[in-house]
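For reference, upload.txt is printed below; it contains compact mmCIF, C-alpha atoms.
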# COMPACT_ATOMS: atom_id res chain seq x y z
CA MET F 1 2.12 44.63 7.96
CA GLU F 2 -0.21 46.36 10.33
CA GLN F 3 -1.57 44.36 13.14
CA THR F 4 -5.16 45.16 12.43
CA GLU F 5 -4.97 43.31 9.17
CA PRO F 6 -6.38 39.83 9.22
CA ALA F 7 -3.57 37.35 8.94
CA LYS F 8 -3.12 35.00 6.07
CA LYS F 9 -4.60 31.65 6.77
CA THR F 10 -2.34 28.70 6.23
CA VAL F 11 -3.95 25.55 4.97
CA LEU F 12 -2.49 22.14 5.41
CA TYR F 13 -2.10 20.17 2.21
CA CYS F 14 -1.65 16.47 1.89
CA ALA F 15 1.83 15.60 0.65
CA ILE F 16 0.50 12.62 -1.26
CA CYS F 17 -2.40 13.96 -3.26
CA THR F 18 -1.80 17.75 -2.75
CA LEU F 19 -5.43 18.34 -1.69
CA PRO F 20 -6.43 19.58 1.74
CA PRO F 21 -6.64 16.47 3.96
CA GLU F 22 -10.41 16.63 4.26
CA TYR F 23 -10.67 15.92 0.55
CA CYS F 24 -8.25 13.00 0.64
CA GLU F 25 -11.14 10.59 0.91
CA PHE F 26 -12.05 11.44 -2.66
CA SER F 27 -8.63 10.88 -4.09
CA ALA F 28 -7.49 7.56 -5.43
CA SER F 29 -4.49 7.43 -3.11
CA LYS F 30 -6.78 7.52 -0.08
CA LYS F 31 -4.99 4.94 2.04
CA LYS F 32 -1.60 6.48 1.60
CA CYS F 33 -3.00 9.92 2.40
CA GLU F 34 -4.50 8.57 5.58
CA GLN F 35 -1.24 7.07 6.65
CA TRP F 36 0.69 10.20 5.85
CA LEU F 37 -1.67 12.31 7.92
CA LYS F 38 -1.46 9.89 10.80
CA GLU F 39 2.30 10.09 10.85
CA THR F 40 2.78 13.80 10.31
CA HIS F 41 -0.30 15.46 11.78
CA PRO F 42 -1.84 13.20 14.42
CA ALA F 43 -4.21 15.88 15.69
CA GLU F 44 -5.65 16.49 12.28
CA TYR F 45 -5.87 12.75 11.72
CA GLU F 46 -7.85 12.36 14.90
CA ARG F 47 -10.25 15.03 13.76
CA LEU F 48 -10.89 13.52 10.35
CA TYR F 49 -10.54 9.78 10.71
CA SER F 50 -11.42 8.87 14.28
CA ASP F 51 -14.44 6.60 14.71
CA GLN F 52 -16.51 9.40 16.08
CA ALA F 53 -15.76 11.66 13.16
CA VAL F 54 -16.61 8.93 10.70
CA THR F 55 -19.98 8.17 12.23
CA GLU F 56 -20.79 11.83 12.47
CA LYS F 57 -19.93 12.24 8.86
CA LEU F 58 -22.18 9.36 7.90
CA ALA F 59 -25.04 10.81 9.84
CA MET F 60 -24.57 14.12 8.16
CA THR F 61 -24.64 13.02 4.55
CA THR F 62 -27.79 13.53 2.64
CA LEU F 63 -27.30 10.46 0.51
CA SER F 64 -29.33 7.35 1.07
CA GLU F 65 -27.58 4.33 2.48
CA ASP F 66 -27.48 2.03 -0.51
CA LYS F 67 -26.06 4.87 -2.52
CA VAL F 68 -23.31 5.30 0.01
CA ALA F 69 -22.47 1.61 -0.28
CA LYS F 70 -22.39 1.86 -4.04
CA GLU F 71 -20.11 4.83 -3.87
CA ALA F 72 -17.79 3.00 -1.53
CA ALA F 73 -17.57 0.06 -3.90
CA LYS F 74 -16.80 2.35 -6.78
CA MET F 75 -14.18 4.15 -4.74
CA GLU F 76 -12.59 0.83 -3.83
CA LYS F 77 -12.25 -0.02 -7.47
CA ALA F 78 -10.69 3.33 -8.30
CA VAL F 79 -8.25 2.91 -5.42
CA SER F 80 -7.08 -0.49 -6.57
CA LYS F 81 -6.74 0.81 -10.09
CA GLU F 82 -4.65 3.72 -8.93
CA GLU F 83 -2.45 1.44 -6.88
CA ALA F 84 -1.85 -0.80 -9.85
CA ARG F 85 -0.96 2.21 -11.90
CA MET F 86 1.50 3.43 -9.31
CA ALA F 87 3.12 0.02 -9.11
CA ARG F 88 3.44 -0.10 -12.86
CA GLU F 89 4.97 3.32 -12.95
CA LEU F 90 7.46 2.45 -10.27
CA GLU F 91 8.46 -0.64 -12.14
CA LYS F 92 8.96 1.37 -15.25
CA LYS F 93 11.03 3.84 -13.33
CA MET F 94 13.20 1.12 -11.91
CA ALA F 95 13.68 -0.46 -15.31
CA SER F 96 14.57 2.74 -17.11
CA LYS F 97 18.13 3.92 -17.20
CA VAL F 98 19.88 7.23 -17.29
CA LEU F 99 22.41 7.03 -20.06
CA ILE F 100 25.50 9.17 -20.13
CA LYS F 101 27.17 9.25 -23.45
CA ARG F 102 30.25 10.85 -24.81
CA VAL F 103 29.75 11.98 -28.36
CA GLU F 104 32.69 13.05 -30.44
CA ARG F 105 32.25 16.21 -32.43
CA ASN F 106 35.60 16.31 -34.15
CA LYS F 107 39.00 14.96 -33.37
CA ARG F 108 39.55 16.48 -29.97
CA LYS F 109 36.24 18.00 -29.05
CA CYS F 110 33.26 16.17 -27.72
CA VAL F 111 29.98 16.66 -25.91
CA THR F 112 28.42 14.61 -23.16
CA SER F 113 24.77 13.77 -23.52
CA VAL F 114 22.58 12.67 -20.65
CA PHE F 115 19.41 10.90 -21.58
CA GLY F 116 16.51 9.60 -19.54
CA LEU F 117 16.50 11.97 -16.58
CA ASP F 118 12.95 13.10 -17.25
CA VAL F 119 11.58 9.68 -16.33
CA PHE F 120 12.65 10.34 -12.78
CA GLY F 121 10.77 13.61 -12.64
CA VAL F 122 13.80 15.80 -12.96
CA ASP F 123 13.44 19.29 -14.35
CA LEU F 124 15.68 19.06 -17.39
CA LYS F 125 16.11 22.75 -17.93
CA LYS F 126 17.20 23.42 -14.39
CA THR F 127 19.52 20.44 -14.37
CA ALA F 128 21.10 21.52 -17.63
CA LYS F 129 21.77 24.90 -16.10
CA ALA F 130 23.22 23.27 -13.00
CA PHE F 131 25.55 21.18 -15.14
CA ALA F 132 26.60 24.20 -17.12
CA ASN F 133 27.36 26.12 -13.95
CA HIS F 134 29.20 23.27 -12.34
CA PHE F 135 31.45 22.52 -15.26
CA ALA F 136 31.68 26.10 -16.51
CA CYS F 137 30.64 25.13 -19.99
CA GLY F 138 27.66 25.16 -22.29
CA GLY F 139 24.74 22.99 -21.24
CA SER F 140 21.38 22.75 -22.90
CA VAL F 141 18.31 20.66 -23.40
CA SER F 142 17.95 19.39 -26.90
CA LYS F 143 16.02 16.81 -28.79
CA ASN F 144 17.84 13.72 -29.89
CA PRO F 145 17.15 12.07 -33.26
CA GLN F 146 14.32 10.07 -31.71
CA GLY F 147 12.63 13.31 -30.73
CA LEU F 148 13.19 12.84 -27.01
CA ASP F 149 14.70 15.38 -24.70
CA GLU F 150 18.23 15.03 -23.49
CA ILE F 151 20.78 17.26 -21.84
CA VAL F 152 23.87 18.08 -23.83
CA VAL F 153 26.93 19.39 -22.04
CA GLN F 154 29.90 20.61 -24.00
CA GLY F 155 33.05 18.75 -23.03
CA ASP F 156 33.80 15.31 -21.75
CA PHE F 157 32.47 14.91 -18.21
CA SER F 158 31.04 11.43 -18.21
CA GLU F 159 32.51 10.41 -14.86
CA GLU F 160 31.94 13.71 -13.12
CA ILE F 161 28.40 13.99 -14.40
CA MET F 162 27.55 10.63 -12.94
CA GLU F 163 28.65 11.78 -9.53
CA LEU F 164 26.89 15.10 -9.90
CA ILE F 165 23.61 13.44 -10.82
CA HIS F 166 23.96 11.27 -7.81
CA LYS F 167 24.54 14.28 -5.62
CA LEU F 168 21.76 16.43 -7.07
CA HIS F 169 19.18 13.68 -7.29
CA PRO F 170 19.85 11.01 -4.68
CA GLU F 171 16.46 9.48 -5.47
CA ILE F 172 17.86 7.97 -8.66
CA PRO F 173 19.48 4.63 -7.82
CA LYS F 174 23.11 4.49 -8.75
CA GLU F 175 22.77 1.27 -10.67
CA ASN F 176 20.29 2.98 -12.98
CA ILE F 177 22.88 5.43 -14.19
CA ALA F 178 25.10 4.04 -16.86
CA ILE F 179 27.91 5.39 -18.91
CA VAL F 180 27.66 4.25 -22.47
CA GLU F 181 30.76 4.21 -24.59
CA ASP F 182 29.95 5.62 -27.94
CA GLU F 183 30.85 3.08 -30.52
CA LYS F 184 32.54 4.08 -33.67
CA LYS F 185 30.23 6.32 -35.60
CA SER F 186 30.54 4.37 -38.79
CA LYS F 187 29.47 1.23 -37.00
CA LYS F 188 26.40 2.63 -35.28
CA LYS F 189 25.09 5.03 -37.82
CA PRO F 190 26.28 3.96 -41.22
CA ALA F 191 24.06 6.47 -42.96
CA ALA F 192 25.34 9.46 -41.08
CA MET Q 1 -11.17 25.65 -17.98
CA PHE Q 2 -7.98 24.07 -16.73
CA LYS Q 3 -8.98 20.49 -17.24
CA LYS Q 4 -6.26 20.14 -19.79
CA PHE Q 5 -3.46 22.50 -19.10
CA SER Q 6 0.27 22.27 -19.16
CA LEU Q 7 2.27 25.33 -18.34
CA GLN Q 8 5.32 24.17 -20.24
CA GLU Q 9 3.38 23.62 -23.41
CA THR Q 10 1.18 26.67 -23.32
CA LEU Q 11 3.49 29.29 -21.90
CA SER Q 12 4.34 31.81 -24.56
CA GLY Q 13 6.01 34.49 -22.52
CA GLN Q 14 6.76 35.57 -19.03
CA ASN Q 15 7.65 39.04 -17.88
CA PRO Q 16 7.51 41.23 -14.80
CA VAL Q 17 4.59 43.63 -14.70
CA LYS Q 18 5.06 47.36 -14.53
CA SER Q 19 4.10 48.98 -11.26
CA SER Q 20 1.52 51.14 -12.98
CA VAL Q 21 -0.17 48.03 -14.31
CA VAL Q 22 -0.02 46.46 -10.85
CA ARG Q 23 -1.90 49.49 -9.57
CA GLY Q 24 -4.54 48.95 -12.24
CA ILE Q 25 -4.90 45.32 -11.24
CA ARG Q 26 -5.22 46.29 -7.61
CA THR Q 27 -8.08 48.65 -8.28
CA LYS Q 28 -9.71 46.13 -10.55
CA LEU Q 29 -9.50 43.48 -7.86
CA CYS Q 30 -10.94 45.81 -5.26
CA THR Q 31 -13.88 46.76 -7.42
CA SER Q 32 -14.73 43.27 -8.60
CA TYR Q 33 -14.13 41.57 -5.24
CA PRO Q 34 -15.10 43.85 -2.35
CA GLY Q 35 -14.04 41.17 0.10
CA ILE Q 36 -10.47 41.35 -1.03
CA GLU Q 37 -9.85 44.93 0.00
CA PRO Q 38 -8.61 44.36 3.55
CA HIS Q 39 -6.16 41.75 2.31
CA ILE Q 40 -4.92 43.44 -0.80
CA ASP Q 41 -1.66 44.62 0.76
CA LEU Q 42 -0.89 41.08 1.83
CA ILE Q 43 -1.76 39.52 -1.48
CA LEU Q 44 -0.33 42.14 -3.75
CA PRO Q 45 2.07 44.39 -1.85
CA LYS Q 46 2.65 47.75 -3.52
CA LYS Q 47 6.25 46.85 -4.22
CA SER Q 48 5.65 43.26 -5.20
CA ASN Q 49 7.28 41.46 -8.07
CA LEU Q 50 4.23 40.50 -9.99
CA VAL Q 51 5.06 38.26 -12.91
CA GLN Q 52 2.74 37.82 -15.81
CA LEU Q 53 2.71 34.47 -17.58
CA LYS Q 54 1.01 34.56 -20.89
CA CYS Q 55 -0.45 31.29 -22.06
CA LYS Q 56 -2.40 30.16 -25.05
CA ASP Q 57 -6.17 30.53 -25.35
CA HIS Q 58 -6.19 34.02 -23.84
CA ILE Q 59 -5.17 32.74 -20.45
CA THR Q 60 -2.81 34.84 -18.41
CA LEU Q 61 -1.47 33.81 -15.05
CA PHE Q 62 -0.17 36.22 -12.46
CA ALA Q 63 2.40 35.09 -9.95
CA VAL Q 64 3.87 36.74 -6.86
CA ASP Q 65 7.02 35.21 -5.43
CA ASN Q 66 6.74 32.15 -7.63
CA GLU Q 67 3.23 31.43 -6.55
CA ILE Q 68 0.36 31.75 -8.95
CA VAL Q 69 -2.21 34.00 -7.33
CA PHE Q 70 -4.52 35.01 -10.16
CA PHE Q 71 -5.48 33.90 -13.57
CA GLN Q 72 -7.15 35.89 -16.24
CA HIS Q 73 -9.30 34.74 -19.08
CA PHE Q 74 -10.19 37.61 -21.37
CA ASP Q 75 -11.35 40.25 -18.90
CA LEU Q 76 -12.22 37.97 -16.04
CA LEU Q 77 -9.60 38.14 -13.30
CA VAL Q 78 -9.97 35.28 -10.86
CA PRO Q 79 -8.04 34.36 -7.71
CA THR Q 80 -6.64 30.85 -7.69
CA LEU Q 81 -7.76 28.22 -5.21
CA THR Q 82 -4.49 28.43 -3.36
CA LEU Q 83 -5.09 32.09 -2.69
CA LEU Q 84 -8.68 31.42 -1.82
CA HIS Q 85 -7.58 28.92 0.80
CA SER Q 86 -5.32 31.50 2.39
CA PHE Q 87 -7.99 34.18 2.32
CA PRO Q 88 -11.32 32.34 2.47
CA ASP Q 89 -13.56 35.37 2.65
CA ILE Q 90 -12.57 37.17 -0.53
CA LEU Q 91 -15.27 35.58 -2.64
CA PRO Q 92 -18.99 35.03 -2.12
CA ARG Q 93 -19.71 31.40 -1.36
CA VAL Q 94 -22.00 28.70 -2.54
CA GLN Q 95 -22.03 25.18 -1.19
CA VAL Q 96 -22.65 21.88 -2.92
CA ASP Q 97 -23.93 18.70 -1.33
CA ARG Q 98 -21.73 15.73 -0.59
CA GLY Q 99 -22.79 13.75 -3.61
CA ALA Q 100 -21.51 16.43 -5.94
CA ILE Q 101 -18.00 16.60 -4.52
CA LYS Q 102 -16.54 13.79 -6.50
CA PHE Q 103 -17.90 15.05 -9.78
CA VAL Q 104 -16.60 18.51 -9.12
CA LEU Q 105 -13.22 17.03 -8.27
CA SER Q 106 -13.12 15.56 -11.74
CA GLY Q 107 -14.00 18.88 -13.28
CA ALA Q 108 -17.76 18.88 -13.80
CA ASN Q 109 -19.72 22.11 -13.90
CA ILE Q 110 -22.09 22.51 -11.01
CA MET Q 111 -25.69 21.78 -11.80
CA CYS Q 112 -28.50 23.57 -10.03
CA PRO Q 113 -29.81 20.57 -8.05
CA GLY Q 114 -26.40 20.22 -6.43
CA LEU Q 115 -26.77 23.75 -5.14
CA THR Q 116 -30.38 23.61 -3.97
CA SER Q 117 -30.54 20.18 -2.27
CA PRO Q 118 -30.62 19.88 1.55
CA GLY Q 119 -26.86 19.53 2.00
CA ALA Q 120 -26.13 22.53 -0.15
CA TRP Q 121 -26.37 26.20 0.52
CA LEU Q 122 -27.07 29.20 -1.65
CA PRO Q 123 -27.03 32.82 -0.55
CA GLU Q 124 -30.36 34.62 -0.70
CA GLU Q 125 -29.22 36.96 -3.37
CA LEU Q 126 -26.60 36.23 -5.95
CA ALA Q 127 -26.31 37.77 -9.37
CA GLU Q 128 -25.20 35.95 -12.46
CA ASP Q 129 -21.66 36.12 -13.85
CA VAL Q 130 -20.22 36.41 -10.38
CA VAL Q 131 -17.06 34.61 -9.38
CA VAL Q 132 -17.84 32.39 -6.42
CA ALA Q 133 -16.01 30.05 -4.11
CA VAL Q 134 -17.55 26.60 -4.20
CA MET Q 135 -17.55 25.05 -0.76
CA ALA Q 136 -18.67 21.53 0.04
CA GLU Q 137 -20.95 19.99 2.61
CA GLY Q 138 -18.99 19.15 5.75
CA LYS Q 139 -15.73 20.64 4.48
CA GLU Q 140 -13.97 23.79 5.53
CA THR Q 141 -11.80 24.52 2.55
CA ALA Q 142 -13.03 25.57 -0.83
CA LEU Q 143 -13.48 22.91 -3.44
CA ALA Q 144 -13.47 24.98 -6.57
CA VAL Q 145 -13.72 28.44 -8.07
CA GLY Q 146 -16.47 29.09 -10.54
CA VAL Q 147 -18.63 31.71 -12.13
CA THR Q 148 -22.39 31.71 -11.75
CA LYS Q 149 -24.45 31.24 -14.88
CA MET Q 150 -27.75 32.41 -13.42
CA THR Q 151 -29.00 34.27 -10.40
CA ALA Q 152 -29.70 32.47 -7.14
CA LYS Q 153 -33.38 33.08 -7.67
CA GLU Q 154 -33.33 31.45 -11.07
CA MET Q 155 -31.41 28.50 -9.69
CA ARG Q 156 -34.12 27.88 -7.14
CA GLU Q 157 -36.92 28.27 -9.63
CA VAL Q 158 -35.54 26.45 -12.63
CA ASN Q 159 -33.43 23.93 -10.71
CA LYS Q 160 -32.04 22.52 -13.92
CA GLY Q 161 -28.87 22.91 -15.94
CA ILE Q 162 -25.58 24.51 -15.15
CA GLY Q 163 -25.65 26.81 -12.14
CA VAL Q 164 -21.97 27.46 -11.72
CA ASP Q 165 -19.43 27.18 -14.47
CA LEU Q 166 -16.27 25.71 -13.06
CA LEU Q 167 -13.04 27.62 -13.50
CA GLN Q 168 -10.61 25.87 -11.23
CA TYR Q 169 -11.03 22.84 -8.98
CA LEU Q 170 -8.91 20.97 -6.48
CA GLY Q 171 -6.40 18.72 -8.17
CA ASP Q 172 -6.68 20.12 -11.68
CA PRO Q 173 -3.55 20.71 -13.73
CA LEU Q 174 -3.36 24.38 -12.73
CA TRP Q 175 -3.57 23.38 -9.08
CA LYS Q 176 -0.63 21.07 -9.59
CA THR Q 177 1.37 23.59 -11.56
CA GLN Q 178 4.33 24.97 -9.74
CA LEU Q 179 6.66 27.67 -10.89

Take the structure in the file and give it back as structure tokens.
Amino acid sequence: MEQTEPAKKTVLYCAICTLPPEYCEFSASKKKCEQWLKETHPAEYERLYSDQAVTEKLAMTTLSEDKVAKEAAKMEKAVSKEEARMARELEKKMASKVLIKRVERNKRKCVTSVFGLDVFGVDLKKTAKAFANHFACGGSVSKNPQGLDEIVVQGDFSEEIMELIHKLHPEIPKENIAIVEDEKKSKKKPAA
Amino acid sequence: MFKKFSLQETLSGQNPVKSSVVRGIRTKLCTSYPGIEPHIDLILPKKSNLVQLKCKDHITLFAVDNEIVFFQHFDLLVPTLTLLHSFPDILPRVQVDRGAIKFVLSGANIMCPGLTSPGAWLPEELAEDVVVAVMAEGKETALAVGVTKMTAKEMREVNKGIGVDLLQYLGDPLWKTQL
């Protein structure tokens, strides 16, 4: 690019709520945002959250004082709500399991299905492709009978897949990944 | 517009754009946003890989290097907030007061009083149906992108109703969408 051209401006975004830090105060994860900024960008933190900045900000607002107090109370409520929600979600995440299952297709051929990865915020399509590449076989995202998405890999890779998931997504705790032995078909699904 | 939006659900097709079409878009951008002209080579290099993502409801997104830079709704081609943050002076600005910020952040259209009160700022002259960057009192980065529904003069005189129709705001689903 030519030098005369005005350069692209880079804006800092909060890693917690994705907004520019100056808008963090309006997000429900306010406290976490503040902490994040303090740890990663101390200068910016000083600018936005130091006592001086806060008083200046208060002086600048055009809202009357009781309104400000009301807003703050409301905000507090939203924050606690959001925190509760996060906690609930985390709990759910911890409770949910990734199930690896070997499903027999006919006598000597089988597929491996991986279910429950989406709960952990994993991109299923990309992961399916990664599996397919790694094992040099067919891998796809398909809906299981319950109508939920799962990854199906052609071939029996239950053990290897467990390790691969662990390598690709270390954020998933190992104890949450389980290999399920497929019981005899007649036993589980008598109708089928 | 993007209050409810999910790329995975609405995406109906994605394909690279022909260079001749890119040229058309460039000229269109330059005519509709005079402020963009000095930056156009940075935003949309002549040999860029512009990808068009067609979505439902006549929405089309344009992405360069896996970053959504524009969206189009019928004929209206609008830069995204991300782009606006990188190049703040491509759009004319309006400013809302502090009280309005939180409503805008949850996707409300901007009412005239929020644009005419002491903390807010309106340019002297502003036509209607113009894409504007919505700034906020005491903040440096843009809060939203919208399109004006009346002229600045009308806003001051009437001081009621919707002044700026919101297109994209900070933290909406499109903002969170990543390719």

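Using only C-alpha atoms, the shortest contact distance between Ser117 (chain Q) and any of Q:Val96, Q:Leu77, Q:Ala133, Q:Ile101 is found at Q:Val96.
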
Subject >> Interatomic distance, CA of Met162 (chain F) to CA of Arg105 (chain F) (Å, one decimal) >> reply: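 Separating CA of Met162 (chain F) from CA of Arg105 (chain F) is a distance of 20.8 Å.
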
**OP:** Could you please determine the separation between CA of Lys3 (chain Q) and CA of Lys176 (chain Q) in Å, to one decimal place?
**Re:** 11.3 Å

Original post:
Taking all atoms listed in the file into account, which residues of chain F are within 6 Å of chain Q, as a list in words?
Top reply: Lys8, Lys9 and Thr10 of chain F

Atoms kept (C-alpha atoms) for selection, written as a compact mmCIF listing (two decimals), in the frame of the given file:
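Wrote selection31.txt, looks like this:
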# COMPACT_ATOMS: atom_id res chain seq x y z
CA LYS F 8 -3.12 35.00 6.07
CA LYS F 9 -4.60 31.65 6.77
CA THR F 10 -2.34 28.70 6.23

Original post:
What separation in Å, quoted to one decimal, exists between CA of His73 (chain Q) and CA of Leu61 (chain Q)?
Top reply: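 These atoms are spaced 8.9 Å apart.
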
Subject >> Nearby residues (all atoms listed in the file) at most 12 Å from Glu76 (chain F), same-chain spacing under 5 positions excluded, as a list in words >> reply: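 Selected residues are Glu25, Phe26, Ser27, Ala28, Ser29, Lys30, Lys31, Ala69, Lys70, Glu71, Lys81, Glu82 and Glu83 of chain F.
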
**OP:** For Leu29 (chain Q), work out the shell of residues within 12 Å, counting only C-alpha atoms and skipping chain neighbours fewer than 3 positions away, then give it as a list in words.
**Re:** Val22, Arg23, Gly24, Ile25, Arg26, Ser32, Tyr33, Pro34, Gly35, Ile36, Glu37, Pro38, His39, Ile40, Asp41, Ile43, Leu44, Val69, Phe70, Phe71, Gln72, Asp75, Leu76, Leu77, Val78, Pro79, Ile90, Leu91 and Val131 of chain Q

Subject >> Distance query Gln178 (chain Q) at most 9 Å, only C-alpha atoms, self and fewer than 3 positions along chain excluded, as a ChimeraX atom specification >> reply: /Q:7,66-68,174-175

Subject >> Selection: 8 Å around Thr148 (chain Q), all atoms listed in the file, excl. self and same-chain fewer than 6 positions, as an MDAnalysis selection string >> reply: chainID Q and resid 127:132 163:165

So that I have them on file, write out the residues from the current selection with C-alpha atoms, as a compact mmCIF listing (two decimals), keeping the file's coordinate frame.
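Output saved as result-v3.txt:
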# COMPACT_ATOMS: atom_id res chain seq x y z
CA ALA Q 127 -26.31 37.77 -9.37
CA GLU Q 128 -25.20 35.95 -12.46
CA ASP Q 129 -21.66 36.12 -13.85
CA VAL Q 130 -20.22 36.41 -10.38
CA VAL Q 131 -17.06 34.61 -9.38
CA VAL Q 132 -17.84 32.39 -6.42
CA GLY Q 163 -25.65 26.81 -12.14
CA VAL Q 164 -21.97 27.46 -11.72
CA ASP Q 165 -19.43 27.18 -14.47
